[in-house]
Amino acid sequence: MPVLHVIDAPEPRQEADLYLDQNLGAEARYDPGTPVLAGARYALLRDDVVREGGEVRPDAAAPPRVLCFFGGTDAAGVTGRWLRALADTGVPCVCTAVGDAPAYPGMTVIPPTDELPALMARADLVLTAAGSATWELLYLGVPAALTWVAANQLVGYEAVVGNGLATGLGADPEAAVPVLRALLAELAAPGARARLGGPGRALIDGHGRSRVADALLALSRSSSRSAASPWACHG
């Protein structure tokens with residue numbers, strides 16, 4: 001069976017038959033002949049996310065609905081600091097946070113849940129780290145405010161924020177308060193949710209995992225006929 005390695009950096013660090021780099025613009029980072037599926041067209045999305053993406057959501061509510069989460073369990077322990085930053089904006093919002101942190105007025109903290117796709121789809125803004133959820137948010141067309149909690153998230157963060165597909169908050173919640181304040185105020189404008197989230201919907205079509213599966217199947221068939229790999233960089 002061929003081995004697929006999902007990576008976040010240009011240089012593969014584990015031996016594999018095929019590599020997957022879902023990051024935006026990854027196509028330009030690999031030398032010709034590298035056995036890699038590169039770029040956002042290969043983004044892997046869960047069934048629950050794909051189902052939620054079939055509906056066009058209405059404009060932002062007033063006050064805006066904000067979802068805040070950092071992975072399934074907030075292993076980095078940053079939820080409390082980001083909730084404080086939201087509270088310090090002084091802009092009313094209805095916030096749901098996943099993790100273990102003190103809540104502020106208008107905010108609800110819930111334990112880890114398997115309902116994240118539905119929560120993301122219903123939100124007007126999602127505050128999260130630039131991990132795999134980034135591609136889900138782009139597909140759903142939900143405005144995102146991104147930070148990072150691990151070094152390997154910087155590649156995705158810089159690509160998505162640099163291309164204007166999400167708002168970059170940096171890594172310091174206190175310093176990000178003015179950015180959050182402006183973003184929450186912008187959501188009050190007519191059409192803001194669609195304007196902020198629309199570009200992502202055009203980028204991620206939800207068929208990335210099918211492309212990856214097809215590539216693995218083709219590699220498996222080819223390997224059964226020849227020991228030489230036919231794969232090169234696929235953008």
# chains A, B, ... in the order shown; residues from 1 in each chain; ligands from 1
$ residues_around --residues "stretch 15-19 of chain A" --least-positions-apart "2" --cutoff "6 Å" --atoms "only C-alpha atoms" --output "list in words"
Pro2, Val3, Leu4, His5, Val6, Pro35 and Val36 of chain A
$ select_by_dssp --residues "stretch 10-224 of chain A" --states "alpha helix (DSSP H)" --output "PyMOL selection string"
chain A and resi 47-52+79-88+116-122+133-140+154-162+177-186+192-203+208-224
$ write_last_selection --atoms "C-alpha atoms" --output "mmCIF file, in the first residue's frame"
data_model
loop_
_atom_site.group_PDB
_atom_site.id
_atom_site.type_symbol
_atom_site.label_atom_id
_atom_site.label_comp_id
_atom_site.auth_asym_id
_atom_site.auth_seq_id
_atom_site.Cartn_x
_atom_site.Cartn_y
_atom_site.Cartn_z
ATOM 1 C CA ASP A 47 -18.424 14.823 5.615
ATOM 2 C CA ASP A 48 -20.116 17.055 8.189
ATOM 3 C CA VAL A 49 -18.374 20.119 6.800
ATOM 4 C CA VAL A 50 -19.228 19.303 3.181
ATOM 5 C CA ARG A 51 -22.895 18.895 4.112
ATOM 6 C CA GLU A 52 -22.971 22.245 5.897
ATOM 7 C CA THR A 79 -9.126 30.388 24.924
ATOM 8 C CA GLY A 80 -9.385 32.560 28.049
ATOM 9 C CA ARG A 81 -6.990 35.191 26.710
ATOM 10 C CA TRP A 82 -8.853 35.479 23.413
ATOM 11 C CA LEU A 83 -12.219 35.748 25.161
ATOM 12 C CA ARG A 84 -10.776 38.583 27.204
ATOM 13 C CA ALA A 85 -9.659 40.268 23.986
ATOM 14 C CA LEU A 86 -13.184 39.962 22.570
ATOM 15 C CA ALA A 87 -14.620 41.452 25.758
ATOM 16 C CA ASP A 88 -12.087 44.296 25.661
ATOM 17 C CA LEU A 116 -18.171 22.084 15.397
ATOM 18 C CA PRO A 117 -19.143 21.996 11.688
ATOM 19 C CA ALA A 118 -22.687 23.156 12.495
ATOM 20 C CA LEU A 119 -21.397 25.780 14.934
ATOM 21 C CA MET A 120 -18.961 27.108 12.331
ATOM 22 C CA ALA A 121 -21.621 27.292 9.641
ATOM 23 C CA ARG A 122 -23.975 29.289 11.871
ATOM 24 C CA ALA A 133 -10.118 24.247 10.335
ATOM 25 C CA THR A 134 -8.974 27.119 8.104
ATOM 26 C CA TRP A 135 -9.854 25.184 4.954
ATOM 27 C CA GLU A 136 -13.223 24.247 6.425
ATOM 28 C CA LEU A 137 -14.029 27.878 7.154
ATOM 29 C CA LEU A 138 -13.024 28.955 3.658
ATOM 30 C CA TYR A 139 -15.251 26.279 2.176
ATOM 31 C CA LEU A 140 -18.165 27.308 4.397
ATOM 32 C CA LEU A 154 2.537 29.842 10.400
ATOM 33 C CA VAL A 155 2.779 28.712 6.776
ATOM 34 C CA GLY A 156 -1.003 28.489 6.441
ATOM 35 C CA TYR A 157 -1.554 31.648 8.475
ATOM 36 C CA GLU A 158 0.723 33.776 6.313
ATOM 37 C CA ALA A 159 -0.689 32.409 3.055
ATOM 38 C CA VAL A 160 -4.354 32.844 3.960
ATOM 39 C CA VAL A 161 -3.987 36.231 5.628
ATOM 40 C CA GLY A 162 -1.559 37.452 2.972
ATOM 41 C CA VAL A 177 -8.031 44.053 20.360
ATOM 42 C CA PRO A 178 -8.167 46.993 17.870
ATOM 43 C CA VAL A 179 -8.262 44.572 14.931
ATOM 44 C CA LEU A 180 -11.073 42.578 16.520
ATOM 45 C CA ARG A 181 -12.973 45.761 17.335
ATOM 46 C CA ALA A 182 -12.830 46.933 13.719
ATOM 47 C CA LEU A 183 -13.798 43.507 12.405
ATOM 48 C CA LEU A 184 -16.833 43.192 14.684
ATOM 49 C CA ALA A 185 -17.921 46.691 13.679
ATOM 50 C CA GLU A 186 -17.498 45.818 9.996
ATOM 51 C CA ALA A 192 -20.318 42.093 5.235
ATOM 52 C CA ARG A 193 -20.565 38.373 5.965
ATOM 53 C CA ALA A 194 -20.769 37.475 2.280
ATOM 54 C CA ARG A 195 -18.037 39.952 1.362
ATOM 55 C CA LEU A 196 -15.607 38.666 3.992
ATOM 56 C CA GLY A 197 -16.362 34.985 3.516
ATOM 57 C CA GLY A 198 -17.103 34.816 -0.195
ATOM 58 C CA PRO A 199 -13.545 34.526 -1.554
ATOM 59 C CA GLY A 200 -12.977 31.348 0.432
ATOM 60 C CA ARG A 201 -16.011 29.653 -1.063
ATOM 61 C CA ALA A 202 -14.559 30.235 -4.520
ATOM 62 C CA LEU A 203 -11.209 28.716 -3.496
ATOM 63 C CA GLY A 208 -10.020 17.776 -2.425
ATOM 64 C CA ARG A 209 -10.260 14.416 -0.698
ATOM 65 C CA SER A 210 -11.575 12.805 -3.906
ATOM 66 C CA ARG A 211 -8.541 14.133 -5.768
ATOM 67 C CA VAL A 212 -6.228 12.754 -3.077
ATOM 68 C CA ALA A 213 -7.981 9.372 -3.096
ATOM 69 C CA ASP A 214 -7.760 9.200 -6.885
ATOM 70 C CA ALA A 215 -4.046 9.971 -6.730
ATOM 71 C CA LEU A 216 -3.432 7.236 -4.156
ATOM 72 C CA LEU A 217 -5.424 4.703 -6.179
ATOM 73 C CA ALA A 218 -3.513 5.590 -9.331
ATOM 74 C CA LEU A 219 -0.214 5.279 -7.476
ATOM 75 C CA SER A 220 -1.247 1.904 -6.074
ATOM 76 C CA ARG A 221 -2.143 0.595 -9.520
ATOM 77 C CA SER A 222 1.068 1.950 -10.999
ATOM 78 C CA SER A 223 3.173 0.462 -8.207
ATOM 79 C CA SER A 224 1.709 -2.938 -8.883
#
$ atom_distance --atom1 "atom CA of A:Pro63" --atom2 "atom CA of A:Ala176"
19.9 Å
$ atom_distance --atom1 "atom CA of A:Gly191" --atom2 "atom CA of A:Asp59"
6.0 Å
$ residues_around --residues "A:Phe69" --least-positions-apart "3" --cutoff "12 Å" --atoms "only C-alpha atoms" --output "short mmCIF file (atom, residue, chain, number, x, y, z; two decimals) with all heavy atoms, in the first residue's frame"
data_model
loop_
_atom_site.label_atom_id
_atom_site.label_comp_id
_atom_site.auth_asym_id
_atom_site.auth_seq_id
_atom_site.Cartn_x
_atom_site.Cartn_y
_atom_site.Cartn_z
N VAL A 66 -20.26 34.90 17.26
CA VAL A 66 -18.83 34.58 17.18
C VAL A 66 -18.59 33.20 17.77
O VAL A 66 -19.12 32.86 18.83
CB VAL A 66 -17.99 35.62 17.94
CG1 VAL A 66 -16.50 35.26 17.87
CG2 VAL A 66 -18.22 37.02 17.37
N GLY A 72 -9.77 20.72 19.16
CA GLY A 72 -10.87 20.07 19.86
C GLY A 72 -10.87 20.30 21.36
O GLY A 72 -11.92 20.32 21.99
N THR A 73 -9.67 20.51 21.93
CA THR A 73 -9.57 20.60 23.40
C THR A 73 -8.81 21.82 23.90
O THR A 73 -8.58 21.93 25.10
CB THR A 73 -8.90 19.34 23.96
OG1 THR A 73 -7.56 19.23 23.40
CG2 THR A 73 -9.69 18.09 23.60
N ASP A 74 -8.36 22.71 23.04
CA ASP A 74 -7.55 23.87 23.42
C ASP A 74 -6.32 23.42 24.21
O ASP A 74 -6.09 23.84 25.35
CB ASP A 74 -8.36 24.87 24.24
CG ASP A 74 -7.56 26.14 24.56
OD1 ASP A 74 -6.60 26.43 23.83
OD2 ASP A 74 -7.90 26.82 25.55
N ALA A 75 -5.51 22.56 23.58
CA ALA A 75 -4.32 22.04 24.24
C ALA A 75 -3.35 23.14 24.62
O ALA A 75 -2.58 23.01 25.58
CB ALA A 75 -3.63 21.02 23.33
N ALA A 76 -3.37 24.25 23.89
CA ALA A 76 -2.45 25.36 24.17
C ALA A 76 -2.95 26.26 25.30
O ALA A 76 -2.22 27.13 25.77
CB ALA A 76 -2.22 26.20 22.91
N GLY A 77 -4.20 26.09 25.72
CA GLY A 77 -4.75 26.86 26.83
C GLY A 77 -4.87 28.35 26.57
O GLY A 77 -4.64 29.17 27.47
N VAL A 78 -5.28 28.74 25.35
CA VAL A 78 -5.32 30.16 25.00
C VAL A 78 -6.74 30.73 24.93
O VAL A 78 -6.90 31.94 24.72
CB VAL A 78 -4.61 30.41 23.64
CG1 VAL A 78 -3.15 30.01 23.73
CG2 VAL A 78 -5.32 29.66 22.52
N THR A 79 -7.75 29.91 25.10
CA THR A 79 -9.13 30.39 24.92
C THR A 79 -9.44 31.57 25.83
O THR A 79 -10.04 32.56 25.39
CB THR A 79 -10.13 29.25 25.19
OG1 THR A 79 -9.88 28.18 24.29
CG2 THR A 79 -11.57 29.73 25.01
N GLY A 80 -9.07 31.50 27.10
CA GLY A 80 -9.39 32.56 28.05
C GLY A 80 -8.83 33.91 27.63
O GLY A 80 -9.50 34.94 27.75
N ARG A 81 -7.62 33.93 27.11
CA ARG A 81 -6.99 35.19 26.71
C ARG A 81 -7.71 35.80 25.51
O ARG A 81 -7.87 37.02 25.42
CB ARG A 81 -5.52 34.98 26.39
CG ARG A 81 -4.65 34.57 27.58
CD ARG A 81 -3.21 34.47 27.17
NE ARG A 81 -2.69 35.77 26.73
CZ ARG A 81 -1.63 35.92 25.94
NH1 ARG A 81 -1.01 34.86 25.46
NH2 ARG A 81 -1.22 37.12 25.59
N TRP A 82 -8.16 34.95 24.58
CA TRP A 82 -8.85 35.48 23.41
C TRP A 82 -10.27 35.92 23.75
O TRP A 82 -10.78 36.89 23.17
CB TRP A 82 -8.84 34.46 22.28
CG TRP A 82 -7.51 34.42 21.60
CD1 TRP A 82 -6.54 33.46 21.70
CD2 TRP A 82 -6.96 35.44 20.73
NE1 TRP A 82 -5.44 33.80 20.96
CE2 TRP A 82 -5.68 35.00 20.35
CE3 TRP A 82 -7.45 36.65 20.24
CZ2 TRP A 82 -4.86 35.76 19.50
CZ3 TRP A 82 -6.65 37.40 19.40
CH2 TRP A 82 -5.36 36.96 19.04
N LEU A 83 -10.91 35.27 24.72
CA LEU A 83 -12.22 35.75 25.16
C LEU A 83 -12.08 37.10 25.84
O LEU A 83 -12.94 37.98 25.67
CB LEU A 83 -12.85 34.73 26.11
CG LEU A 83 -13.28 33.41 25.50
CD1 LEU A 83 -14.00 32.55 26.55
CD2 LEU A 83 -14.18 33.62 24.28
N CYS A 95 -21.06 35.14 21.80
CA CYS A 95 -19.90 34.29 21.57
C CYS A 95 -20.09 32.91 22.20
O CYS A 95 -20.49 32.80 23.36
CB CYS A 95 -18.64 34.94 22.11
SG CYS A 95 -17.14 33.93 21.93
N THR A 96 -19.77 31.89 21.44
CA THR A 96 -19.67 30.52 21.95
C THR A 96 -18.22 30.10 21.85
O THR A 96 -17.61 30.20 20.78
CB THR A 96 -20.55 29.56 21.14
OG1 THR A 96 -21.91 29.96 21.23
CG2 THR A 96 -20.41 28.13 21.67
N ALA A 97 -17.65 29.65 22.95
CA ALA A 97 -16.26 29.23 22.97
C ALA A 97 -16.18 27.76 23.39
O ALA A 97 -16.92 27.32 24.27
CB ALA A 97 -15.44 30.09 23.93
N VAL A 98 -15.29 27.03 22.75
CA VAL A 98 -15.07 25.62 23.08
C VAL A 98 -13.78 25.52 23.87
O VAL A 98 -12.71 25.91 23.39
CB VAL A 98 -14.97 24.77 21.80
CG1 VAL A 98 -14.75 23.29 22.17
CG2 VAL A 98 -16.23 24.92 20.95
N GLY A 99 -13.88 25.01 25.09
CA GLY A 99 -12.69 24.88 25.91
C GLY A 99 -13.01 24.98 27.38
O GLY A 99 -14.12 24.69 27.81
N ASP A 100 -12.02 25.43 28.14
CA ASP A 100 -12.16 25.56 29.59
C ASP A 100 -11.62 26.93 29.97
O ASP A 100 -10.42 27.12 30.14
CB ASP A 100 -11.39 24.45 30.30
CG ASP A 100 -11.56 24.51 31.81
OD1 ASP A 100 -12.43 25.26 32.29
OD2 ASP A 100 -10.80 23.83 32.52
N ALA A 101 -12.52 27.91 30.08
CA ALA A 101 -12.10 29.28 30.34
C ALA A 101 -13.25 30.05 30.97
O ALA A 101 -14.41 29.68 30.79
CB ALA A 101 -11.67 29.96 29.04
N THR A 108 -20.66 32.17 26.04
CA THR A 108 -20.94 30.86 26.61
C THR A 108 -19.76 29.95 26.31
O THR A 108 -19.29 29.88 25.18
CB THR A 108 -22.21 30.25 25.97
OG1 THR A 108 -23.31 31.12 26.19
CG2 THR A 108 -22.52 28.88 26.58
N VAL A 109 -19.28 29.27 27.32
CA VAL A 109 -18.17 28.32 27.15
C VAL A 109 -18.74 26.91 27.25
O VAL A 109 -19.43 26.58 28.22
CB VAL A 109 -17.08 28.54 28.21
CG1 VAL A 109 -15.97 27.49 28.06
CG2 VAL A 109 -16.50 29.94 28.11
N ILE A 110 -18.46 26.10 26.25
CA ILE A 110 -18.96 24.73 26.22
C ILE A 110 -17.79 23.75 26.18
O ILE A 110 -16.68 24.11 25.76
CB ILE A 110 -19.89 24.49 25.01
CG1 ILE A 110 -19.11 24.67 23.69
CG2 ILE A 110 -21.09 25.44 25.06
CD1 ILE A 110 -19.92 24.31 22.45
N PRO A 111 -18.00 22.51 26.59
CA PRO A 111 -16.93 21.51 26.52
C PRO A 111 -16.69 21.08 25.07
O PRO A 111 -17.48 21.42 24.17
CB PRO A 111 -17.48 20.35 27.36
CG PRO A 111 -18.96 20.50 27.28
CD PRO A 111 -19.22 21.98 27.22
N PRO A 112 -15.60 20.35 24.82
CA PRO A 112 -15.34 19.86 23.46
C PRO A 112 -16.57 19.17 22.87
O PRO A 112 -17.29 18.45 23.58
CB PRO A 112 -14.19 18.88 23.67
CG PRO A 112 -13.45 19.44 24.85
CD PRO A 112 -14.52 19.98 25.75
N THR A 113 -16.82 19.40 21.61
CA THR A 113 -18.05 18.92 20.98
C THR A 113 -17.77 18.41 19.58
O THR A 113 -16.83 18.87 18.92
CB THR A 113 -19.09 20.05 20.91
OG1 THR A 113 -20.23 19.62 20.18
CG2 THR A 113 -18.52 21.28 20.23
N LEU A 116 -18.89 20.91 15.90
CA LEU A 116 -18.17 22.08 15.40
C LEU A 116 -18.56 22.49 13.97
O LEU A 116 -18.70 23.68 13.69
CB LEU A 116 -16.66 21.85 15.47
CG LEU A 116 -15.95 22.32 16.74
CD1 LEU A 116 -14.47 22.00 16.66
CD2 LEU A 116 -16.16 23.81 16.97
N PRO A 117 -18.75 21.55 13.04
CA PRO A 117 -19.14 22.00 11.69
C PRO A 117 -20.42 22.82 11.68
O PRO A 117 -20.50 23.85 11.00
CB PRO A 117 -19.31 20.67 10.92
CG PRO A 117 -18.36 19.75 11.60
CD PRO A 117 -18.45 20.11 13.06
N LEU A 119 -21.67 24.52 14.23
CA LEU A 119 -21.40 25.78 14.93
C LEU A 119 -20.65 26.75 14.03
O LEU A 119 -20.93 27.96 14.01
CB LEU A 119 -20.58 25.51 16.20
CG LEU A 119 -21.31 24.79 17.33
CD1 LEU A 119 -20.33 24.43 18.45
CD2 LEU A 119 -22.43 25.65 17.88
N MET A 120 -19.69 26.24 13.26
CA MET A 120 -18.96 27.11 12.33
C MET A 120 -19.89 27.68 11.28
O MET A 120 -19.83 28.88 10.96
CB MET A 120 -17.83 26.32 11.67
CG MET A 120 -16.66 26.02 12.58
SD MET A 120 -15.20 25.37 11.69
CE MET A 120 -15.78 23.75 11.20
N LEU A 125 -18.59 35.01 12.58
CA LEU A 125 -17.14 35.16 12.66
C LEU A 125 -16.60 34.00 13.50
O LEU A 125 -17.17 33.67 14.54
CB LEU A 125 -16.76 36.49 13.32
CG LEU A 125 -15.27 36.73 13.56
CD1 LEU A 125 -14.53 36.90 12.24
CD2 LEU A 125 -15.05 37.96 14.45
N VAL A 126 -15.51 33.41 13.03
CA VAL A 126 -14.84 32.36 13.80
C VAL A 126 -13.43 32.82 14.13
O VAL A 126 -12.67 33.21 13.24
CB VAL A 126 -14.81 31.02 13.03
CG1 VAL A 126 -13.98 29.99 13.81
CG2 VAL A 126 -16.22 30.50 12.82
N LEU A 127 -13.11 32.78 15.41
CA LEU A 127 -11.77 33.11 15.89
C LEU A 127 -11.09 31.79 16.24
O LEU A 127 -11.54 31.07 17.13
CB LEU A 127 -11.87 34.02 17.13
CG LEU A 127 -10.63 34.79 17.57
CD1 LEU A 127 -11.02 35.85 18.61
CD2 LEU A 127 -9.55 33.90 18.15
N THR A 128 -10.00 31.48 15.54
CA THR A 128 -9.36 30.19 15.73
C THR A 128 -7.91 30.25 15.29
O THR A 128 -7.44 31.26 14.76
CB THR A 128 -10.13 29.09 14.94
OG1 THR A 128 -9.61 27.80 15.30
CG2 THR A 128 -9.98 29.30 13.44
N ALA A 129 -7.19 29.15 15.50
CA ALA A 129 -5.81 29.04 15.03
C ALA A 129 -5.81 28.55 13.59
O ALA A 129 -6.74 27.87 13.13
CB ALA A 129 -5.03 28.08 15.92
N ALA A 130 -4.75 28.86 12.88
CA ALA A 130 -4.66 28.56 11.45
C ALA A 130 -4.24 27.11 11.22
O ALA A 130 -3.20 26.82 10.63
CB ALA A 130 -3.68 29.50 10.77
N GLY A 131 -5.09 26.19 11.67
CA GLY A 131 -4.86 24.77 11.43
C GLY A 131 -5.76 24.27 10.32
O GLY A 131 -6.16 25.01 9.43
N ALA A 133 -8.80 23.60 10.36
CA ALA A 133 -10.12 24.25 10.33
C ALA A 133 -10.16 25.43 9.38
O ALA A 133 -11.24 25.84 8.94
CB ALA A 133 -10.51 24.71 11.74
N THR A 134 -9.01 25.98 9.03
CA THR A 134 -8.97 27.12 8.10
C THR A 134 -9.63 26.76 6.78
O THR A 134 -10.43 27.54 6.24
CB THR A 134 -7.52 27.56 7.85
OG1 THR A 134 -6.89 27.88 9.09
CG2 THR A 134 -7.47 28.76 6.93
N ALA A 144 -13.23 34.60 8.99
CA ALA A 144 -12.34 34.03 10.00
C ALA A 144 -11.34 35.07 10.48
O ALA A 144 -10.84 35.88 9.69
CB ALA A 144 -11.60 32.82 9.45
N ALA A 145 -11.06 35.02 11.78
CA ALA A 145 -9.99 35.81 12.38
C ALA A 145 -8.98 34.81 12.93
O ALA A 145 -9.32 34.01 13.80
CB ALA A 145 -10.54 36.71 13.49
N LEU A 146 -7.76 34.83 12.40
CA LEU A 146 -6.80 33.77 12.68
C LEU A 146 -5.64 34.22 13.54
O LEU A 146 -5.16 35.34 13.44
CB LEU A 146 -6.25 33.20 11.37
CG LEU A 146 -7.25 32.59 10.39
CD1 LEU A 146 -6.52 32.07 9.15
CD2 LEU A 146 -8.06 31.47 11.05
N THR A 147 -5.19 33.27 14.35
CA THR A 147 -3.94 33.39 15.08
C THR A 147 -3.18 32.09 14.86
O THR A 147 -3.53 31.31 13.97
CB THR A 147 -4.20 33.64 16.58
OG1 THR A 147 -2.95 33.74 17.28
CG2 THR A 147 -5.03 32.54 17.20
N TRP A 148 -2.13 31.86 15.63
CA TRP A 148 -1.47 30.55 15.57
C TRP A 148 -1.02 30.16 16.97
O TRP A 148 -0.72 31.00 17.81
CB TRP A 148 -0.29 30.57 14.60
CG TRP A 148 0.89 31.40 15.04
CD1 TRP A 148 1.94 31.02 15.82
CD2 TRP A 148 1.12 32.78 14.71
NE1 TRP A 148 2.81 32.06 16.01
CE2 TRP A 148 2.33 33.15 15.34
CE3 TRP A 148 0.43 33.72 13.94
CZ2 TRP A 148 2.86 34.43 15.22
CZ3 TRP A 148 0.95 35.00 13.83
CH2 TRP A 148 2.15 35.35 14.46
N VAL A 149 -1.01 28.86 17.23
CA VAL A 149 -0.59 28.35 18.53
C VAL A 149 0.53 27.33 18.39
O VAL A 149 1.02 26.80 19.38
CB VAL A 149 -1.77 27.72 19.30
CG1 VAL A 149 -2.81 28.78 19.64
CG2 VAL A 149 -2.40 26.57 18.52
#
$ atom_distance --atom1 "atom CA of A:Gly106" --atom2 "atom CA of A:Ala150"
28.8 Å
$ closest_residue --among "A:Ile7, A:Ala60, A:Ala123, A:Met107" --to "A:Ala38" --atoms "only C-alpha atoms"
A:Ile7
$ closest_residue --among "A:Glu55, A:Asp172, A:Asp205, A:Asp114" --to "A:Arg41" --atoms "only C-alpha atoms"
A:Asp205
$ closest_residue --among "A:Ala188, A:Ile204, A:Leu169, A:Leu37" --to "A:Pro92" --atoms "only C-alpha atoms"
A:Ala188
$ select_by_dssp --residues "stretch 20-211 of chain A" --states "strand (DSSP E or B)" --output "PyMOL selection string"
chain A and resi 20-21+36-38+65-68+94-98+107-110+125-129+144-147+167-168
$ closest_residue --among "A:Glu27, A:Gly206, A:Val94, A:Gln22" --to "A:Ala40" --atoms "only C-alpha atoms"
A:Gln22
